[in-house]
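File shown here: query29.csv, holding CSV, C-alpha atoms and all ligand atoms.
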```
chain,number,residue,atom,x,y,z
G,272,MET,CA,100.7,85.8,101.0
G,273,THR,CA,101.7,88.1,98.1
G,274,VAL,CA,99.8,89.4,95.1
G,275,THR,CA,101.5,89.9,91.8
G,276,CYS,CA,100.2,91.6,88.7
G,277,GLU,CA,102.5,90.9,85.8
G,278,ASP,CA,102.1,93.0,82.7
G,279,VAL,CA,98.3,93.2,83.2
G,280,SER,CA,96.2,94.9,80.5
G,281,MET,CA,92.4,95.2,80.4
G,282,VAL,CA,90.3,96.2,77.4
G,283,TYR,CA,86.6,96.6,77.8
G,284,ARG,CA,84.6,95.9,74.7
G,285,PRO,CA,81.2,97.4,75.2
G,286,SER,CA,78.3,95.7,73.4
G,287,GLY,CA,76.9,97.4,70.4
G,288,ARG,CA,79.0,99.8,68.4
G,289,GLY,CA,80.9,101.5,71.3
G,290,GLN,CA,84.6,101.8,71.0
G,291,ALA,CA,86.9,99.4,73.0
G,292,ILE,CA,88.3,101.1,76.1
G,293,GLN,CA,91.8,100.3,77.3
G,294,ALA,CA,91.3,100.6,81.1
G,295,LEU,CA,94.7,99.2,82.1
G,296,ASP,CA,97.9,99.1,80.1
G,297,HIS,CA,100.8,96.8,81.2
G,298,ILE,CA,100.4,97.1,85.0
G,299,THR,CA,103.1,95.4,87.0
G,300,LEU,CA,102.7,95.5,90.8
G,301,THR,CA,103.5,93.3,93.8
G,302,VAL,CA,101.8,93.5,97.1
G,303,ARG,CA,103.7,91.9,99.9
G,304,GLU,CA,102.4,90.1,103.0
G,305,HIS,CA,100.7,92.6,105.4
G,306,GLU,CA,101.6,95.5,103.2
G,307,PHE,CA,99.2,98.5,103.0
G,308,VAL,CA,99.2,99.7,99.4
G,309,ALA,CA,97.3,102.9,98.6
G,310,ILE,CA,96.4,103.6,95.0
G,311,VAL,CA,95.6,107.2,93.9
G,312,GLY,CA,94.7,108.5,90.5
G,313,PRO,CA,92.1,110.6,88.6
G,314,SER,CA,88.7,109.3,87.8
G,315,GLY,CA,88.8,106.7,85.0
G,316,CYS,CA,92.4,105.6,85.4
G,317,GLY,CA,91.4,102.0,86.2
G,318,LYS,CA,91.7,101.8,90.0
G,319,SER,CA,88.4,99.9,90.4
G,320,THR,CA,89.3,97.8,87.4
G,321,LEU,CA,92.5,96.8,89.0
G,322,LEU,CA,90.7,95.8,92.2
G,323,LYS,CA,88.1,93.8,90.2
G,324,LEU,CA,90.9,91.9,88.5
G,325,ILE,CA,92.7,91.1,91.7
G,326,SER,CA,89.3,90.0,93.3
G,327,GLY,CA,88.7,87.8,90.3
G,328,PHE,CA,85.4,89.3,89.4
G,329,GLU,CA,86.9,90.2,86.0
G,330,ARG,CA,89.7,88.6,84.0
G,331,PRO,CA,92.5,90.6,82.4
G,332,THR,CA,92.7,90.7,78.6
G,333,ALA,CA,96.5,90.2,78.9
G,334,GLY,CA,99.0,89.5,81.6
G,335,LYS,CA,98.7,87.5,84.8
G,336,ILE,CA,97.5,88.0,88.3
G,337,SER,CA,98.5,85.6,91.0
G,338,VAL,CA,98.0,85.2,94.8
G,339,ASN,CA,100.9,83.4,96.4
G,340,GLY,CA,102.0,82.0,93.1
G,341,GLU,CA,98.5,80.7,92.1
G,342,VAL,CA,96.9,82.4,89.1
G,343,VAL,CA,93.6,84.1,89.9
G,344,THR,CA,90.8,82.6,87.9
G,345,GLY,CA,87.8,83.8,89.9
G,346,PRO,CA,86.7,85.2,93.3
G,347,GLY,CA,88.0,83.3,96.4
G,348,ALA,CA,87.7,83.5,100.2
G,349,ASP,CA,91.3,84.6,100.5
G,350,ARG,CA,90.3,88.0,98.9
G,351,ALA,CA,87.7,90.3,100.5
G,352,MET,CA,86.3,93.4,98.9
G,353,VAL,CA,84.9,96.6,100.6
G,354,PHE,CA,83.0,99.1,98.4
G,355,GLN,CA,82.3,102.8,98.7
G,356,HIS,CA,78.7,102.0,99.6
G,357,PRO,CA,78.4,99.2,102.1
G,358,ALA,CA,76.4,96.6,100.3
G,359,LEU,CA,74.8,95.1,103.4
G,360,TYR,CA,71.9,92.7,103.2
G,361,PRO,CA,68.9,94.9,104.3
G,362,TRP,CA,66.8,91.9,105.5
G,363,LEU,CA,69.5,90.6,107.8
G,364,THR,CA,70.5,91.9,111.3
G,365,VAL,CA,73.9,93.5,111.9
G,366,ALA,CA,75.1,90.2,113.5
G,367,GLU,CA,73.8,88.1,110.6
G,368,ASN,CA,75.5,90.4,108.1
G,369,VAL,CA,78.8,90.1,109.9
G,370,ALA,CA,78.3,86.3,110.2
G,371,PHE,CA,77.5,85.8,106.6
G,372,GLY,CA,80.9,84.6,105.3
G,373,LEU,CA,81.5,82.3,108.3
G,374,LYS,CA,78.1,80.6,107.7
G,375,LEU,CA,79.1,80.0,104.1
G,376,LYS,CA,82.3,78.4,105.4
G,377,GLY,CA,80.3,76.0,107.6
G,378,VAL,CA,81.8,77.3,110.9
G,379,SER,CA,79.9,76.1,114.0
G,380,ARG,CA,77.2,78.3,115.4
G,381,ARG,CA,79.1,78.7,118.7
G,382,ASP,CA,82.2,79.9,117.0
G,383,ILE,CA,80.2,82.2,114.8
G,384,ASN,CA,78.6,83.8,117.8
G,385,ARG,CA,81.9,84.2,119.6
G,386,ARG,CA,83.7,85.8,116.6
G,387,VAL,CA,80.8,88.0,115.6
G,388,ASP,CA,80.6,89.4,119.2
G,389,TYR,CA,84.3,90.0,119.2
G,390,PHE,CA,84.1,92.0,115.9
G,391,LEU,CA,81.0,93.9,117.0
G,392,GLU,CA,82.8,94.8,120.2
G,393,ARG,CA,85.8,96.0,118.1
G,394,ILE,CA,83.6,98.1,115.8
G,395,GLY,CA,81.7,99.5,118.8
G,396,LEU,CA,78.3,98.1,117.6
G,397,LEU,CA,77.6,95.3,120.1
G,398,ALA,CA,74.5,97.2,121.2
G,399,PHE,CA,73.3,97.2,117.6
G,400,ARG,CA,73.6,93.4,117.2
G,401,GLU,CA,70.0,92.9,116.4
G,402,ALA,CA,69.5,96.1,114.5
G,403,ARG,CA,68.8,96.2,110.7
G,404,PRO,CA,71.2,98.2,108.4
G,405,TYR,CA,68.6,101.0,107.8
G,406,GLU,CA,68.8,101.8,111.5
G,407,LEU,CA,72.5,102.7,111.2
G,408,SER,CA,74.3,105.8,110.0
G,409,GLY,CA,76.6,105.6,106.9
G,410,GLY,CA,79.7,105.3,109.0
G,411,MET,CA,78.2,102.5,111.2
G,412,GLN,CA,77.1,100.6,108.1
G,413,GLN,CA,80.6,100.9,106.7
G,414,ARG,CA,82.1,99.5,109.9
G,415,VAL,CA,79.7,96.5,109.6
G,416,ALA,CA,80.8,96.0,106.0
G,417,ILE,CA,84.5,96.1,107.1
G,418,ALA,CA,83.8,93.6,109.9
G,419,ARG,CA,82.0,91.3,107.5
G,420,ALA,CA,85.0,91.4,105.2
G,421,LEU,CA,87.6,90.8,107.9
G,422,ILE,CA,85.9,88.2,110.0
G,423,VAL,CA,86.7,85.5,107.4
G,424,GLU,CA,90.4,86.3,107.8
G,425,PRO,CA,91.2,87.0,104.2
G,426,SER,CA,94.8,87.3,103.1
G,427,ILE,CA,94.1,90.4,101.2
G,428,VAL,CA,91.5,93.1,101.6
G,429,LEU,CA,90.6,95.2,98.6
G,430,MET,CA,89.0,98.5,99.4
G,431,ASP,CA,87.5,100.8,96.8
G,432,GLU,CA,87.2,104.3,98.3
G,433,PRO,CA,85.5,102.9,101.4
G,434,PHE,CA,85.3,106.2,103.1
G,435,GLY,CA,84.6,108.3,100.1
G,436,ALA,CA,80.9,108.9,100.9
G,437,LEU,CA,81.5,109.9,104.6
G,438,ASP,CA,81.7,113.3,106.2
G,439,ALA,CA,85.2,114.5,107.2
G,440,GLN,CA,84.8,113.7,110.9
G,441,THR,CA,83.4,110.2,110.4
G,442,ARG,CA,86.1,109.6,107.8
G,443,GLY,CA,88.8,110.5,110.3
G,444,SER,CA,87.5,108.1,112.9
G,445,MET,CA,87.1,105.3,110.3
G,446,GLN,CA,90.7,105.8,109.2
G,447,ASP,CA,91.9,105.4,112.8
G,448,PHE,CA,89.6,102.4,113.2
G,449,LEU,CA,91.0,100.7,110.0
G,450,LEU,CA,94.6,101.4,111.1
G,451,GLU,CA,93.9,99.8,114.5
G,452,LEU,CA,92.3,96.7,112.9
G,453,TRP,CA,95.0,96.3,110.3
G,454,ASN,CA,97.7,96.5,113.0
G,455,ASP,CA,96.2,93.3,114.6
G,456,MET,CA,95.7,91.3,111.4
G,457,LYS,CA,97.9,89.6,108.9
G,458,ALA,CA,96.1,90.7,105.8
G,459,ALA,CA,97.5,92.9,103.1
G,460,VAL,CA,95.4,95.9,102.1
G,461,VAL,CA,95.0,97.5,98.6
G,462,PHE,CA,93.2,100.7,99.3
G,463,VAL,CA,91.9,103.0,96.5
G,464,THR,CA,91.3,106.6,97.2
G,465,HIS,CA,91.1,110.0,95.5
G,466,ASP,CA,92.6,111.6,98.5
G,467,VAL,CA,96.4,111.8,98.7
G,468,THR,CA,96.3,112.8,102.4
G,469,GLU,CA,94.4,109.6,103.1
G,470,ALA,CA,96.9,107.6,101.1
G,471,ILE,CA,99.8,109.0,103.0
G,472,LEU,CA,98.2,108.4,106.4
G,473,LEU,CA,97.3,104.8,105.7
G,474,GLY,CA,99.8,103.5,103.2
G,475,ASP,CA,103.2,101.8,103.4
G,476,ARG,CA,103.4,102.6,99.7
G,477,ILE,CA,101.5,104.8,97.3
G,478,VAL,CA,100.9,103.8,93.7
G,479,VAL,CA,100.1,106.8,91.5
G,480,MET,CA,98.2,106.1,88.4
G,481,ASP,CA,97.6,108.0,85.1
G,482,PRO,CA,94.5,107.6,82.9
G,483,HIS,CA,93.8,106.9,79.2
G,484,PRO,CA,95.0,104.2,79.3
G,485,GLY,CA,95.5,103.3,83.0
G,486,THR,CA,99.2,103.1,83.8
G,487,ILE,CA,101.4,103.3,86.9
G,488,ARG,CA,103.2,106.7,86.9
G,489,HIS,CA,105.1,106.3,90.1
G,490,GLN,CA,105.4,104.4,93.4
G,491,GLU,CA,106.5,105.9,96.6
G,492,MET,CA,107.3,104.3,100.0
G,493,ILE,CA,105.9,106.2,103.0
G,494,SER,CA,108.2,105.7,105.9
G,495,LEU,CA,106.2,107.5,108.6
G,496,ASP,CA,106.4,105.6,111.9
G,497,ARG,CA,103.7,103.1,112.8
G,498,PRO,CA,101.3,102.7,114.5
G,499,ARG,CA,99.8,105.8,112.9
G,500,GLN,CA,96.8,107.9,113.9
G,501,THR,CA,95.0,110.7,112.0
G,502,SER,CA,96.6,113.1,114.5
G,503,ILE,CA,99.9,112.8,112.6
G,504,GLU,CA,98.4,114.8,109.8
G,505,PHE,CA,99.3,117.9,111.8
G,506,SER,CA,103.0,117.0,112.1
G,507,ASP,CA,105.7,118.8,110.0
G,508,THR,CA,107.0,115.4,108.7
G,509,PHE,CA,103.5,114.7,107.4
G,510,ALA,CA,103.3,118.1,105.8
G,511,SER,CA,106.5,117.6,103.9
G,512,VAL,CA,105.5,114.2,102.7
G,513,ARG,CA,102.2,115.7,101.5
G,514,ARG,CA,104.0,118.5,99.6
G,515,HIS,CA,106.2,115.9,97.9
G,516,MET,CA,103.3,113.7,97.1
G,517,ALA,CA,101.2,116.6,95.8
G,518,GLU,CA,103.9,117.3,93.2
G,519,LEU,CA,104.2,113.6,92.2
G,520,SER,CA,100.4,113.2,91.9
G,521,SER,CA,99.2,116.3,90.3
G,522,TRP,CA,97.1,115.9,87.2
G,523,SER,CA,96.8,118.4,84.5
G,524,THR,CA,93.9,118.3,82.1
G,525,THR,CA,95.9,116.0,79.8
G,526,GLY,CA,96.2,113.6,82.7
G,527,LYS,CA,100.0,113.9,82.8
G,528,SER,CA,102.1,115.4,85.5
G,529,ALA,CA,101.9,119.2,85.7
G,530,SER,CA,105.7,119.5,85.8
G,601,LIG,N1,82.3,97.3,82.9
G,601,LIG,C1,82.8,98.2,82.1
G,601,LIG,N2,82.5,98.2,80.7
G,601,LIG,C2,83.1,99.1,79.9
G,601,LIG,N3,84.0,100.0,80.3
G,601,LIG,C3,84.3,100.1,81.6
G,601,LIG,C4,83.8,99.1,82.6
G,601,LIG,N4,84.3,99.4,83.8
G,601,LIG,C5,85.1,100.4,83.6
G,601,LIG,N5,85.2,100.8,82.3
G,601,LIG,C6,86.0,101.9,81.8
G,601,LIG,O1,87.3,101.7,82.1
G,601,LIG,C7,88.0,102.9,82.5
G,601,LIG,C8,88.5,102.7,84.0
G,601,LIG,O2,87.4,102.6,84.8
G,601,LIG,P1,87.5,102.4,86.4
G,601,LIG,O3,86.1,102.3,87.0
G,601,LIG,O4,88.4,101.3,86.7
G,601,LIG,O5,88.2,103.8,86.9
G,601,LIG,P2,88.5,104.4,88.3
G,601,LIG,O6,89.9,104.8,88.3
G,601,LIG,O7,88.0,103.4,89.3
G,601,LIG,O8,87.6,105.7,88.3
G,601,LIG,P3,86.8,106.4,89.5
G,601,LIG,O9,87.9,107.1,90.3
G,601,LIG,O10,85.9,107.4,88.8
G,601,LIG,O11,86.1,105.4,90.3
G,601,LIG,C9,87.0,104.0,82.3
G,601,LIG,O12,87.2,104.6,81.1
G,601,LIG,C10,85.6,103.3,82.3
G,601,LIG,O13,84.7,103.9,81.5
G,602,MG,MG,86.5,103.5,90.8
```

Whole structure, structure tokens version:
Amino acid sequence: MTVTCEDVSMVYRPSGRGQAIQALDHITLTVREHEFVAIVGPSGCGKSTLLKLISGFERPTAGKISVNGEVVTGPGADRAMVFQHPALYPWLTVAENVAFGLKLKGVSRRDINRRVDYFLERIGLLAFREARPYELSGGMQQRVAIARALIVEPSIVLMDEPFGALDAQTRGSMQDFLLELWNDMKAAVVFVTHDVTEAILLGDRIVVMDPHPGTIRHQEMISLDRPRQTSIEFSDTFASVRRHMAELSSWSTTGKSAS
């Protein structure tokens, strides 16, 4: 399953007398099967817009987005989205939240229970099966949101700064958790982050964007060995990749490369 964005532009036209905003300008990008693509760029460069277009929640003003050759015309079960704030249903239990997509698909109750328990075990929350979201910490809630997205076996998982609101320690364990899960699944991931270190740790490829209008400045393959764990951040190889990426992804006040 591949995702292609061909010459994609997006102009928002606010209602009233506001000026049109060109959020994305001629974006061309391919995400291959089981590839982990990390997108970095300053605020307002169109990262969330690009995810919304791939998810089908918004339509581009020009260009074409396709998943496995089929043009995206709206949301579909093949694409799952995870947001910065885990939008769980507060009135449902943890198990019911995770089961939500499977129920919509009409999966039998027995299969749902089996798969929900497998995922709850994987995310370490089996004991919280019957708890409500408000009883969980932010990191626990985000694990539930990730399980809810992955349980339907999407071909592509779109993640918009999913760990951005977590403290450093929880964030590290969530990164390890995501790498472990991704290792066992076939899905491709498009992961938006402000944090270049996080992008290097997770990504097979990093896409660096520029703002006003949103364009792709650079793409870099990250050839660090897999499987990876957050502990590699202390290695010399990682440090040299980080130095290199810091140069490639520095933003001056004009939004262009500092060099
Ligand atoms: N629904 C909308 N209506 C009008 N303008 C919008 C809308 N969504 C985004 N924009 C504009 O498009 C541009 C890109 O926004 P977007 O949210 O995609 O950026 P981003 O890279 O995700 O930023 P951040 O890192 O702050 O999340 C911004 O100038 C923003 O104001
Ligand atoms: Mg955003």

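Close contacts of G:Ile417, defined as residues with an atom at most 10 Å away when counting only C-alpha atoms, with chain neighbours fewer than 5 positions off set aside, comprise G:Ala351, G:Met352, G:Val353, G:Phe354, G:Pro357, G:Val369, G:Phe390, G:Ile394, G:Met411, G:Gln412, G:Ile422, G:Val428, G:Met430, G:Pro433, G:Leu449, G:Leu452.
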
Please give me, as a PDB file with C-alpha atoms, keeping the file's coordinate frame, the residues lying within 6 Å of ligand LIG 601 (chain G) when counting only C-alpha atoms and all ligand atoms.
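Dumped to selection02.pdb:
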```pdb
ATOM      1  CA  TYR G 283      86.600  96.600  77.800  1.00  0.00           C
ATOM      2  CA  PRO G 285      81.200  97.400  75.200  1.00  0.00           C
ATOM      3  CA  ALA G 294      91.300 100.600  81.100  1.00  0.00           C
ATOM      4  CA  PRO G 313      92.100 110.600  88.600  1.00  0.00           C
ATOM      5  CA  SER G 314      88.700 109.300  87.800  1.00  0.00           C
ATOM      6  CA  GLY G 315      88.800 106.700  85.000  1.00  0.00           C
ATOM      7  CA  CYS G 316      92.400 105.600  85.400  1.00  0.00           C
ATOM      8  CA  GLY G 317      91.400 102.000  86.200  1.00  0.00           C
ATOM      9  CA  LYS G 318      91.700 101.800  90.000  1.00  0.00           C
ATOM     10  CA  SER G 319      88.400  99.900  90.400  1.00  0.00           C
ATOM     11  CA  THR G 320      89.300  97.800  87.400  1.00  0.00           C
TER      12      THR G 320
END
```

Which residues, written as a PDB file with C-alpha atoms, keeping the file's coordinate frame, have at least one atom at most 9 Å from G:Val423, with all atoms listed in the file counted and residues fewer than 4 positions away on the same chain left out?
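Ended up saving to result20.pdb:
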```pdb
ATOM      1  CA  ALA G 348      87.700  83.500 100.200  1.00  0.00           C
ATOM      2  CA  ASP G 349      91.300  84.600 100.500  1.00  0.00           C
ATOM      3  CA  ALA G 351      87.700  90.300 100.500  1.00  0.00           C
ATOM      4  CA  ALA G 370      78.300  86.300 110.200  1.00  0.00           C
ATOM      5  CA  GLY G 372      80.900  84.600 105.300  1.00  0.00           C
ATOM      6  CA  LEU G 373      81.500  82.300 108.300  1.00  0.00           C
ATOM      7  CA  LYS G 376      82.300  78.400 105.400  1.00  0.00           C
ATOM      8  CA  ALA G 418      83.800  93.600 109.900  1.00  0.00           C
ATOM      9  CA  ARG G 419      82.000  91.300 107.500  1.00  0.00           C
TER      10      ARG G 419
END
```

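The coordinates place atom CA of G:Phe509 at 26.8 Å from atom CA of G:Ile427.
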
Exercise. Fewer than 4 positions away in the same chain doesn't count, so skip those; otherwise give me all residues within 12 Å of G:Glu451, counting all atoms listed in the file, as a VMD selection string.
Key: chain G and resid 393 to 394 444 to 447 455 to 456 473 497 to 501

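The list of residues with at least one atom within 8 Å of stretch 326-338 of chain G, based on only C-alpha atoms and without residues fewer than 3 positions apart in the same chain, reads Met272, Thr273, Val274, Thr275, Cys276, Glu277, Asp278, Val279, Ser280, Met281, Val282, His297, Leu322, Lys323, Glu341, Val342, Val343, Thr344, Gly345, Pro346, Gly347, Arg350, Ala351, Met352 and Leu429 of chain G.
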
Quick one: write out the picked residues with C-alpha atoms as a compact mmCIF listing (two decimals), in the frame of the given file?
```txt
# COMPACT_ATOMS: atom_id res chain seq x y z
CA MET G 272 100.70 85.80 101.00
CA THR G 273 101.70 88.10 98.10
CA VAL G 274 99.80 89.40 95.10
CA THR G 275 101.50 89.90 91.80
CA CYS G 276 100.20 91.60 88.70
CA GLU G 277 102.50 90.90 85.80
CA ASP G 278 102.10 93.00 82.70
CA VAL G 279 98.30 93.20 83.20
CA SER G 280 96.20 94.90 80.50
CA MET G 281 92.40 95.20 80.40
CA VAL G 282 90.30 96.20 77.40
CA HIS G 297 100.80 96.80 81.20
CA LEU G 322 90.70 95.80 92.20
CA LYS G 323 88.10 93.80 90.20
CA GLU G 341 98.50 80.70 92.10
CA VAL G 342 96.90 82.40 89.10
CA VAL G 343 93.60 84.10 89.90
CA THR G 344 90.80 82.60 87.90
CA GLY G 345 87.80 83.80 89.90
CA PRO G 346 86.70 85.20 93.30
CA GLY G 347 88.00 83.30 96.40
CA ARG G 350 90.30 88.00 98.90
CA ALA G 351 87.70 90.30 100.50
CA MET G 352 86.30 93.40 98.90
CA LEU G 429 90.60 95.20 98.60
```

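Take atom CA of G:Phe371 and atom CA of G:Glu424: the distance between them is 13.0 Å.
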
Quiz item: Of the candidates G:Asp431, G:Asp475, G:Asp382, G:Glu392, which one gets nearest to ligand MG 602 (chain G) if we count all atoms listed in the file?
Solution: G:Asp431

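Atom CA of G:Ser286 lies 25.0 Å from atom CA of G:Ile298.
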
Self-check item: Selected residue, from G:Asp507, G:His465, G:Leu321, G:Val460, that lies nearest to G:Pro425 when counting all atoms listed in the file
Solution: G:Val460

Quiz item: Which residue gives the smallest distance to ligand MG 602 (chain G) among G:Glu432, G:Asp296, G:Glu306, G:Glu367, with all atoms listed in the file counted?
Solution: G:Glu432

Practice problem: May I have the residues within 9 Å of G:Val365 as a PyMOL selection string, using all atoms listed in the file and disregarding those fewer than 6 positions away in the same chain? | Solution: chain G and resi 359+391+396+399-404+412+415

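Compared by their closest atoms to G:Asn454, and using only C-alpha atoms, the residues G:Arg513, G:Thr364, G:Phe307, G:Leu295 rank with G:Phe307 nearest.
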
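Distance check against G:Leu421 using all atoms listed in the file: of G:Ala458, G:Ile292, G:Ala439, G:Ala398, the minimum falls on G:Ala458.
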
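Distance annotation: of G:Thr301, G:Thr464, G:Gln440, G:Ser520, the residue with the minimal separation from ligand MG 602 (chain G) is G:Thr464; atom set is only C-alpha atoms and all ligand atoms.
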
Quiz prompt | Point (90.5, 108.8, 99.6) neighbourhood (7 Å, only C-alpha atoms) written as a PyMOL selection string | solution = chain G and resi 432+434-435+463-467+469-470
